[in-house]
$ cat start.pdb   # PDB, C-alpha atoms, pLDDT in the B column
ATOM      1  CA  MET U   1       0.000   0.000   0.000  1.00 47.00           C
ATOM      2  CA  ASP U   2       2.877   2.378   0.696  1.00 52.00           C
ATOM      3  CA  ALA U   3       3.703   2.443  -3.010  1.00 51.00           C
ATOM      4  CA  PHE U   4       0.288   3.973  -3.735  1.00 53.00           C
ATOM      5  CA  LEU U   5       0.909   6.854  -1.320  1.00 59.00           C
ATOM      6  CA  THR U   6       4.137   8.182  -2.823  1.00 67.00           C
ATOM      7  CA  PRO U   7       4.343  11.503  -4.708  1.00 71.00           C
ATOM      8  CA  GLU U   8       5.717   9.655  -7.762  1.00 66.00           C
ATOM      9  CA  PHE U   9       2.609   7.485  -7.926  1.00 68.00           C
ATOM     10  CA  TRP U  10       0.187  10.403  -7.816  1.00 71.00           C
ATOM     11  CA  LEU U  11       2.302  12.397 -10.270  1.00 71.00           C
ATOM     12  CA  ALA U  12       2.030   9.491 -12.705  1.00 69.00           C
ATOM     13  CA  VAL U  13      -1.742   9.328 -12.083  1.00 69.00           C
ATOM     14  CA  GLY U  14      -2.006  13.039 -12.872  1.00 71.00           C
ATOM     15  CA  GLN U  15      -0.003  12.602 -16.068  1.00 67.00           C
ATOM     16  CA  ILE U  16      -2.184   9.720 -17.223  1.00 68.00           C
ATOM     17  CA  VAL U  17      -5.390  11.643 -16.529  1.00 67.00           C
ATOM     18  CA  MET U  18      -4.078  14.709 -18.384  1.00 65.00           C
ATOM     19  CA  ILE U  19      -2.962  12.609 -21.366  1.00 62.00           C
ATOM     20  CA  ASP U  20      -6.366  10.941 -21.552  1.00 63.00           C
ATOM     21  CA  ILE U  21      -8.185  14.268 -21.248  1.00 60.00           C
ATOM     22  CA  LEU U  22      -6.175  15.672 -24.150  1.00 56.00           C
ATOM     23  CA  LEU U  23      -6.820  12.550 -26.205  1.00 57.00           C
ATOM     24  CA  GLY U  24     -10.434  12.518 -25.054  1.00 61.00           C
ATOM     25  CA  GLY U  25     -11.199  15.472 -27.309  1.00 64.00           C
ATOM     26  CA  ASP U  26     -11.014  13.209 -30.359  1.00 69.00           C
ATOM     27  CA  ASN U  27     -12.792  10.400 -28.545  1.00 73.00           C
ATOM     28  CA  ALA U  28     -15.629  12.666 -27.408  1.00 77.00           C
ATOM     29  CA  VAL U  29     -16.291  13.688 -31.016  1.00 78.00           C
ATOM     30  CA  VAL U  30     -16.319  10.055 -32.183  1.00 79.00           C
ATOM     31  CA  ILE U  31     -18.656   9.008 -29.367  1.00 83.00           C
ATOM     32  CA  ALA U  32     -21.024  11.894 -30.078  1.00 84.00           C
ATOM     33  CA  LEU U  33     -21.023  11.151 -33.815  1.00 83.00           C
ATOM     34  CA  ALA U  34     -21.802   7.501 -33.220  1.00 85.00           C
ATOM     35  CA  CYS U  35     -24.695   8.300 -30.867  1.00 87.00           C
ATOM     36  CA  ARG U  36     -26.229  11.237 -32.726  1.00 83.00           C
ATOM     37  CA  ASN U  37     -28.927   9.127 -34.444  1.00 82.00           C
ATOM     38  CA  LEU U  38     -30.018   7.351 -31.282  1.00 86.00           C
ATOM     39  CA  PRO U  39     -33.332   8.285 -29.664  1.00 85.00           C
ATOM     40  CA  PRO U  40     -32.733  10.813 -26.855  1.00 82.00           C
ATOM     41  CA  ALA U  41     -33.604   8.191 -24.239  1.00 81.00           C
ATOM     42  CA  LEU U  42     -30.798   5.920 -25.466  1.00 86.00           C
ATOM     43  CA  ARG U  43     -28.065   8.511 -26.007  1.00 87.00           C
ATOM     44  CA  THR U  44     -26.753   8.473 -22.447  1.00 86.00           C
ATOM     45  CA  ARG U  45     -26.630   4.663 -22.416  1.00 88.00           C
ATOM     46  CA  GLY U  46     -24.769   4.646 -25.720  1.00 89.00           C
ATOM     47  CA  VAL U  47     -22.213   7.146 -24.467  1.00 87.00           C
ATOM     48  CA  ILE U  48     -21.625   5.339 -21.166  1.00 87.00           C
ATOM     49  CA  TRP U  49     -21.420   1.787 -22.539  1.00 89.00           C
ATOM     50  CA  GLY U  50     -19.399   2.819 -25.574  1.00 86.00           C
ATOM     51  CA  THR U  51     -16.927   4.697 -23.393  1.00 82.00           C
ATOM     52  CA  ALA U  52     -16.640   1.825 -20.928  1.00 84.00           C
ATOM     53  CA  GLY U  53     -15.963  -0.690 -23.694  1.00 84.00           C
ATOM     54  CA  ALA U  54     -13.407   1.615 -25.303  1.00 79.00           C
ATOM     55  CA  ILE U  55     -11.571   2.093 -21.989  1.00 78.00           C
ATOM     56  CA  VAL U  56     -11.390  -1.668 -21.394  1.00 80.00           C
ATOM     57  CA  LEU U  57      -9.960  -2.224 -24.869  1.00 78.00           C
ATOM     58  CA  ARG U  58      -7.481   0.603 -24.349  1.00 73.00           C
ATOM     59  CA  VAL U  59      -6.176  -1.090 -21.199  1.00 74.00           C
ATOM     60  CA  VAL U  60      -5.677  -4.296 -23.212  1.00 76.00           C
ATOM     61  CA  LEU U  61      -3.959  -2.342 -25.980  1.00 72.00           C
ATOM     62  CA  ILE U  62      -1.630  -0.633 -23.514  1.00 69.00           C
ATOM     63  CA  PHE U  63      -0.604  -4.038 -22.208  1.00 70.00           C
ATOM     64  CA  PHE U  64       0.552  -5.031 -25.698  1.00 70.00           C
ATOM     65  CA  ALA U  65       1.436  -1.525 -26.920  1.00 60.00           C
ATOM     66  CA  MET U  66       5.170  -1.805 -27.423  1.00 52.00           C
ATOM     67  CA  SER U  67       4.885  -5.043 -29.384  1.00 61.00           C
ATOM     68  CA  LEU U  68       1.887  -3.949 -31.461  1.00 61.00           C
ATOM     69  CA  LEU U  69       3.446  -0.712 -32.672  1.00 56.00           C
ATOM     70  CA  LYS U  70       6.396  -2.609 -34.146  1.00 64.00           C
ATOM     71  CA  LEU U  71       4.168  -4.711 -36.400  1.00 74.00           C
ATOM     72  CA  PRO U  72       4.165  -3.479 -40.012  1.00 82.00           C
ATOM     73  CA  TYR U  73       0.838  -2.696 -41.693  1.00 82.00           C
ATOM     74  CA  LEU U  74      -1.066  -2.502 -38.376  1.00 77.00           C
ATOM     75  CA  LYS U  75      -1.407   1.271 -38.595  1.00 77.00           C
ATOM     76  CA  LEU U  76      -2.372   1.035 -42.274  1.00 84.00           C
ATOM     77  CA  VAL U  77      -5.225  -1.310 -41.385  1.00 83.00           C
ATOM     78  CA  GLY U  78      -6.240   1.049 -38.587  1.00 78.00           C
ATOM     79  CA  ALA U  79      -6.147   4.041 -40.945  1.00 84.00           C
ATOM     80  CA  ALA U  80      -8.427   2.236 -43.410  1.00 88.00           C
ATOM     81  CA  LEU U  81     -10.869   1.473 -40.587  1.00 83.00           C
ATOM     82  CA  LEU U  82     -10.924   5.120 -39.492  1.00 83.00           C
ATOM     83  CA  LEU U  83     -11.551   6.317 -43.055  1.00 89.00           C
ATOM     84  CA  TRP U  84     -14.474   3.887 -43.339  1.00 89.00           C
ATOM     85  CA  ILE U  85     -15.917   4.995 -39.993  1.00 83.00           C
ATOM     86  CA  GLY U  86     -15.499   8.681 -40.887  1.00 85.00           C
ATOM     87  CA  ILE U  87     -17.298   8.233 -44.216  1.00 89.00           C
ATOM     88  CA  LYS U  88     -20.035   6.133 -42.603  1.00 84.00           C
ATOM     89  CA  LEU U  89     -20.697   8.841 -40.030  1.00 80.00           C
ATOM     90  CA  LEU U  90     -21.262  11.438 -42.776  1.00 84.00           C
ATOM     91  CA  VAL U  91     -23.904   9.337 -44.531  1.00 81.00           C
ATOM     92  CA  PRO U  92     -27.376   9.703 -42.972  1.00 71.00           C
ATOM     93  CA  GLU U  93     -28.802   6.458 -41.675  1.00 64.00           C
ATOM     94  CA  ASN U  94     -32.044   4.998 -42.965  1.00 54.00           C
ATOM     95  CA  ASP U  95     -34.591   5.428 -40.177  1.00 47.00           C
ATOM     96  CA  ALA U  96     -36.832   2.621 -41.384  1.00 43.00           C
ATOM     97  CA  HIS U  97     -39.279   1.231 -38.856  1.00 38.00           C
ATOM     98  CA  GLU U  98     -37.686  -2.222 -38.875  1.00 42.00           C
ATOM     99  CA  VAL U  99     -34.571  -0.828 -37.212  1.00 40.00           C
ATOM    100  CA  SER U 100     -35.166  -0.948 -33.480  1.00 48.00           C
ATOM    101  CA  GLY U 101     -33.658   1.360 -30.887  1.00 50.00           C
ATOM    102  CA  SER U 102     -31.719  -1.482 -29.301  1.00 54.00           C
ATOM    103  CA  ASP U 103     -30.163  -2.405 -32.661  1.00 62.00           C
ATOM    104  CA  ARG U 104     -29.011   1.165 -33.192  1.00 80.00           C
ATOM    105  CA  LEU U 105     -27.677   1.288 -29.620  1.00 85.00           C
ATOM    106  CA  LEU U 106     -25.513  -1.801 -30.191  1.00 88.00           C
ATOM    107  CA  GLY U 107     -24.331  -0.394 -33.507  1.00 86.00           C
ATOM    108  CA  ALA U 108     -23.333   2.900 -31.878  1.00 86.00           C
ATOM    109  CA  ILE U 109     -21.458   1.091 -29.100  1.00 86.00           C
ATOM    110  CA  LYS U 110     -19.615  -1.040 -31.661  1.00 85.00           C
ATOM    111  CA  THR U 111     -18.623   2.036 -33.679  1.00 84.00           C
ATOM    112  CA  ILE U 112     -17.321   3.785 -30.560  1.00 82.00           C
ATOM    113  CA  ILE U 113     -15.235   0.800 -29.455  1.00 82.00           C
ATOM    114  CA  VAL U 114     -13.707   0.127 -32.892  1.00 81.00           C
ATOM    115  CA  ALA U 115     -12.848   3.782 -33.555  1.00 79.00           C
ATOM    116  CA  ASP U 116     -11.397   4.362 -30.097  1.00 75.00           C
ATOM    117  CA  PHE U 117      -9.362   1.150 -30.325  1.00 73.00           C
ATOM    118  CA  VAL U 118      -7.799   2.227 -33.623  1.00 73.00           C
ATOM    119  CA  MET U 119      -7.210   5.840 -32.553  1.00 69.00           C
ATOM    120  CA  SER U 120      -5.460   4.709 -29.375  1.00 66.00           C
ATOM    121  CA  VAL U 121      -2.644   2.790 -31.071  1.00 61.00           C
ATOM    122  CA  ASP U 122      -0.270   5.769 -30.832  1.00 56.00           C
ATOM    123  CA  ASN U 123      -1.790   7.415 -27.773  1.00 60.00           C
ATOM    124  CA  VAL U 124      -1.313   4.503 -25.400  1.00 63.00           C
ATOM    125  CA  ILE U 125       2.452   4.855 -25.597  1.00 57.00           C
ATOM    126  CA  GLY U 126       2.251   8.153 -23.707  1.00 56.00           C
ATOM    127  CA  ILE U 127       0.070   6.592 -21.020  1.00 63.00           C
ATOM    128  CA  ALA U 128       2.354   3.571 -20.694  1.00 59.00           C
ATOM    129  CA  GLY U 129       5.367   5.874 -20.416  1.00 57.00           C
ATOM    130  CA  ALA U 130       3.726   7.879 -17.639  1.00 60.00           C
ATOM    131  CA  ALA U 131       2.942   4.662 -15.770  1.00 63.00           C
ATOM    132  CA  GLN U 132       6.550   3.541 -15.994  1.00 55.00           C
ATOM    133  CA  GLY U 133       7.571   6.814 -14.332  1.00 54.00           C
ATOM    134  CA  SER U 134       5.711   5.935 -11.140  1.00 52.00           C
ATOM    135  CA  GLY U 135       8.952   4.613  -9.653  1.00 51.00           C
ATOM    136  CA  HIS U 136       7.481   1.261  -8.595  1.00 53.00           C
ATOM    137  CA  ALA U 137       7.916  -1.733 -10.881  1.00 53.00           C
ATOM    138  CA  GLY U 138       4.908  -4.015 -11.088  1.00 56.00           C
ATOM    139  CA  HIS U 139       2.320  -1.299 -10.470  1.00 58.00           C
ATOM    140  CA  GLU U 140       2.160   0.011 -14.041  1.00 63.00           C
ATOM    141  CA  MET U 141      -1.103  -1.679 -15.066  1.00 67.00           C
ATOM    142  CA  PRO U 142      -3.029  -0.854 -11.856  1.00 72.00           C
ATOM    143  CA  LEU U 143      -1.855   2.720 -12.309  1.00 69.00           C
ATOM    144  CA  VAL U 144      -3.006   2.838 -15.927  1.00 68.00           C
ATOM    145  CA  ILE U 145      -6.403   1.348 -15.046  1.00 70.00           C
ATOM    146  CA  PHE U 146      -6.874   3.810 -12.185  1.00 69.00           C
ATOM    147  CA  GLY U 147      -5.931   6.785 -14.354  1.00 67.00           C
ATOM    148  CA  LEU U 148      -8.272   5.734 -17.168  1.00 69.00           C
ATOM    149  CA  LEU U 149     -11.163   5.140 -14.756  1.00 70.00           C
ATOM    150  CA  VAL U 150     -10.722   8.658 -13.390  1.00 69.00           C
ATOM    151  CA  SER U 151     -10.901  10.059 -16.920  1.00 69.00           C
ATOM    152  CA  ILE U 152     -14.164   8.267 -17.876  1.00 72.00           C
ATOM    153  CA  PRO U 153     -16.517  10.922 -16.423  1.00 76.00           C
ATOM    154  CA  ILE U 154     -14.586  13.618 -18.287  1.00 73.00           C
ATOM    155  CA  ILE U 155     -14.905  11.835 -21.645  1.00 75.00           C
ATOM    156  CA  VAL U 156     -18.602  11.093 -21.032  1.00 77.00           C
ATOM    157  CA  TRP U 157     -19.252  14.749 -20.166  1.00 79.00           C
ATOM    158  CA  GLY U 158     -17.359  15.910 -23.249  1.00 79.00           C
ATOM    159  CA  SER U 159     -19.369  13.567 -25.476  1.00 82.00           C
ATOM    160  CA  THR U 160     -22.640  14.853 -24.025  1.00 82.00           C
ATOM    161  CA  VAL U 161     -21.627  18.447 -24.713  1.00 84.00           C
ATOM    162  CA  VAL U 162     -20.643  17.633 -28.309  1.00 81.00           C
ATOM    163  CA  LEU U 163     -23.979  15.844 -28.828  1.00 83.00           C
ATOM    164  CA  LYS U 164     -25.874  18.955 -27.760  1.00 84.00           C
ATOM    165  CA  LEU U 165     -23.745  21.113 -30.060  1.00 84.00           C
ATOM    166  CA  MET U 166     -24.417  18.755 -32.981  1.00 81.00           C
ATOM    167  CA  ASP U 167     -28.144  19.202 -32.544  1.00 81.00           C
ATOM    168  CA  ARG U 168     -27.686  22.965 -32.924  1.00 85.00           C
ATOM    169  CA  PHE U 169     -24.818  22.995 -35.452  1.00 85.00           C
ATOM    170  CA  PRO U 170     -24.967  20.023 -37.888  1.00 82.00           C
ATOM    171  CA  LEU U 171     -21.712  21.212 -39.501  1.00 87.00           C
ATOM    172  CA  ILE U 172     -19.893  19.714 -36.510  1.00 83.00           C
ATOM    173  CA  ILE U 173     -20.786  16.253 -37.864  1.00 84.00           C
ATOM    174  CA  THR U 174     -18.853  16.979 -41.056  1.00 88.00           C
ATOM    175  CA  ALA U 175     -15.952  18.388 -39.068  1.00 87.00           C
ATOM    176  CA  GLY U 176     -15.912  15.277 -36.890  1.00 83.00           C
ATOM    177  CA  GLY U 177     -15.797  12.972 -39.900  1.00 86.00           C
ATOM    178  CA  MET U 178     -12.921  14.990 -41.361  1.00 89.00           C
ATOM    179  CA  LEU U 179     -11.125  14.761 -38.020  1.00 85.00           C
ATOM    180  CA  LEU U 180     -11.218  10.972 -38.308  1.00 83.00           C
ATOM    181  CA  GLY U 181      -9.826  11.300 -41.842  1.00 88.00           C
ATOM    182  CA  TRP U 182      -6.984  13.494 -40.547  1.00 89.00           C
ATOM    183  CA  ILE U 183      -6.135  10.960 -37.844  1.00 81.00           C
ATOM    184  CA  ALA U 184      -6.252   8.134 -40.414  1.00 85.00           C
ATOM    185  CA  GLY U 185      -3.807   9.930 -42.708  1.00 88.00           C
ATOM    186  CA  THR U 186      -1.313  10.699 -39.963  1.00 84.00           C
ATOM    187  CA  LEU U 187      -1.631   7.164 -38.604  1.00 80.00           C
ATOM    188  CA  ALA U 188      -0.884   5.616 -41.995  1.00 84.00           C
ATOM    189  CA  VAL U 189       2.374   7.509 -42.595  1.00 84.00           C
ATOM    190  CA  GLY U 190       3.631   6.407 -39.184  1.00 78.00           C
ATOM    191  CA  ASP U 191       3.398   2.713 -40.069  1.00 79.00           C
ATOM    192  CA  PRO U 192       6.783   0.915 -40.042  1.00 79.00           C
ATOM    193  CA  ALA U 193       6.043  -0.396 -43.550  1.00 81.00           C
ATOM    194  CA  MET U 194       5.825   3.191 -44.878  1.00 79.00           C
ATOM    195  CA  VAL U 195       8.988   4.596 -43.305  1.00 71.00           C
ATOM    196  CA  ASP U 196      11.277   3.585 -46.191  1.00 70.00           C
ATOM    197  CA  HIS U 197       8.899   4.986 -48.813  1.00 73.00           C
ATOM    198  CA  LEU U 198       8.237   8.447 -47.361  1.00 72.00           C
ATOM    199  CA  THR U 199      10.315  11.493 -46.553  1.00 67.00           C
ATOM    200  CA  PRO U 200      10.214  11.904 -42.764  1.00 60.00           C
ATOM    201  CA  GLY U 201       9.083  15.231 -41.356  1.00 62.00           C
ATOM    202  CA  ARG U 202       6.110  17.192 -40.131  1.00 62.00           C
ATOM    203  CA  GLY U 203       5.275  18.254 -43.687  1.00 79.00           C
ATOM    204  CA  THR U 204       4.553  14.656 -44.690  1.00 81.00           C
ATOM    205  CA  HIS U 205       2.485  14.254 -41.516  1.00 80.00           C
ATOM    206  CA  HIS U 206       0.337  17.295 -42.359  1.00 86.00           C
ATOM    207  CA  VAL U 207      -0.080  16.420 -46.040  1.00 90.00           C
ATOM    208  CA  ALA U 208      -1.273  12.929 -45.119  1.00 89.00           C
ATOM    209  CA  GLY U 209      -3.701  14.370 -42.562  1.00 89.00           C
ATOM    210  CA  VAL U 210      -5.183  16.838 -45.057  1.00 94.00           C
ATOM    211  CA  ALA U 211      -5.465  14.115 -47.689  1.00 95.00           C
ATOM    212  CA  GLY U 212      -7.311  11.841 -45.270  1.00 93.00           C
ATOM    213  CA  ALA U 213      -9.688  14.611 -44.197  1.00 94.00           C
ATOM    214  CA  LEU U 214     -10.478  15.569 -47.802  1.00 96.00           C
ATOM    215  CA  PHE U 215     -10.987  11.922 -48.760  1.00 96.00           C
ATOM    216  CA  VAL U 216     -13.605  11.474 -46.038  1.00 94.00           C
ATOM    217  CA  LEU U 217     -15.299  14.762 -46.975  1.00 95.00           C
ATOM    218  CA  VAL U 218     -15.495  14.026 -50.721  1.00 96.00           C
ATOM    219  CA  VAL U 219     -16.521  10.368 -50.501  1.00 95.00           C
ATOM    220  CA  GLY U 220     -18.872  10.959 -47.561  1.00 92.00           C
ATOM    221  CA  THR U 221     -20.568  13.883 -49.330  1.00 92.00           C
ATOM    222  CA  MET U 222     -21.025  11.893 -52.546  1.00 92.00           C
ATOM    223  CA  LEU U 223     -22.550   8.937 -50.706  1.00 90.00           C
ATOM    224  CA  ALA U 224     -24.764  11.231 -48.626  1.00 87.00           C
ATOM    225  CA  LYS U 225     -26.172  12.834 -51.793  1.00 86.00           C
ATOM    226  CA  ARG U 226     -26.913   9.412 -53.292  1.00 83.00           C
ATOM    227  CA  ALA U 227     -28.507   8.037 -50.117  1.00 68.00           C
ATOM    228  CA  PRO U 228     -31.861   9.942 -50.354  1.00 60.00           C
ATOM    229  CA  ALA U 229     -32.288   8.804 -53.958  1.00 51.00           C
ATOM    230  CA  GLN U 230     -31.849   5.167 -52.944  1.00 50.00           C
ATOM    231  CA  SER U 231     -34.187   5.293 -49.920  1.00 47.00           C
TER     232      SER U 231
END
$ encode --input "start.pdb" --output "structure tokens"
Amino acid sequence: MDAFLTPEFWLAVGQIVMIDILLGGDNAVVIALACRNLPPALRTRGVIWGTAGAIVLRVVLIFFAMSLLKLPYLKLVGAALLLWIGIKLLVPENDAHEVSGSDRLLGAIKTIIVADFVMSVDNVIGIAGAAQGSGHAGHEMPLVIFGLLVSIPIIVWGSTVVLKLMDRFPLIITAGGMLLGWIAGTLAVGDPAMVDHLTPGRGTHHVAGVAGALFVLVVGTMLAKRAPAQS
């Protein structure tokens, strides 16, 4: 127990919470986008369960983080998933009567978990590094879990705020989809398989991000325009 009362431990907890809050901005947008088509009565449940599932998967990912990030093509697969999710979020869903609220709730939760899992591939390294700075070997995972649990209410609150803003400003939905495209582009160029084929530097990082954002915007807009004609 003494290890959990040291200044180093609580400093590491603070670092983990701050890292997750900063990363939670992206996650809050994704969660809000995924839940925006749910009935108002189900939105809170979607946010809470989606966030909880994403946090659990992030803990698992942190456990394997160092090994996973060395695997070639993993980030490319993740980038493709994020592009697909971003485009899907820009296309209005068919609100046919045969689609029940519970089905949409499960779909929203699945979208949240998959997107958060992919987006966390890079982010978990910072959390794992903060845990290792606690000064007590063997307590890294309990520290990570504690820090992430503390951050859950913050992410849930952020998602709720973004949901309310989306109701008033639909343009935020487009911006959120483009954000996923940006993250996908920057994730792809960081893949070990791409290092030998690209010129390293922040310029490449930005170009890839812009390209991903524009890809989601163009493809998502085209599919959204075709959707009403097919319904």
$ closest_residue --input "start.pdb" --among "U:Met166, U:Met222, U:Leu38, U:Ile183" --to "Gly209 of chain U" --atoms "all atoms listed in the file"
U:Ile183
$ atom_distance --input "start.pdb" --atom1 "atom CA of Ala208 of chain U" --atom2 "atom CA of Gly181 of chain U"
9.3 Å
$ closest_residue --input "start.pdb" --among "U:Pro40, U:Gly46, U:Pro192, U:Pro7" --to "Ser159 of chain U" --atoms "only C-alpha atoms"
U:Gly46
$ residues_around --input "start.pdb" --residues "Trp49 of chain U" --least-positions-apart "5" --cutoff "10 Å" --atoms "all atoms listed in the file" --output "NGL selection string"
:U and (44 or 54-55 or 105-106 or 108-110 or 112-113 or 156)
$ atom_distance --input "start.pdb" --atom1 "atom CA of Arg226 of chain U" --atom2 "atom CA of Pro92 of chain U"
10.3 Å
$ closest_residue --input "start.pdb" --among "U:Gly212, U:Pro170, U:Gly190, U:Gly220" --to "Ala32 of chain U" --atoms "all atoms listed in the file"
U:Pro170
$ atom_distance --input "start.pdb" --atom1 "atom CA of Val114 of chain U" --atom2 "atom CA of His197 of chain U"
28.1 Å
$ closest_residue --input "start.pdb" --among "U:Phe169, U:Ile154, U:Leu82, U:Thr160" --to "Phe215 of chain U" --atoms "only C-alpha atoms"
U:Leu82
$ residues_around --input "start.pdb" --residues "Ala175 of chain U" --least-positions-apart "6" --cutoff "12 Å" --atoms "only C-alpha atoms" --output "NGL selection string"
:U and (26 or 29-30 or 33 or 86-87 or 89-90 or 162 or 166 or 169 or 181-182 or 213-214 or 216-217 or 220)
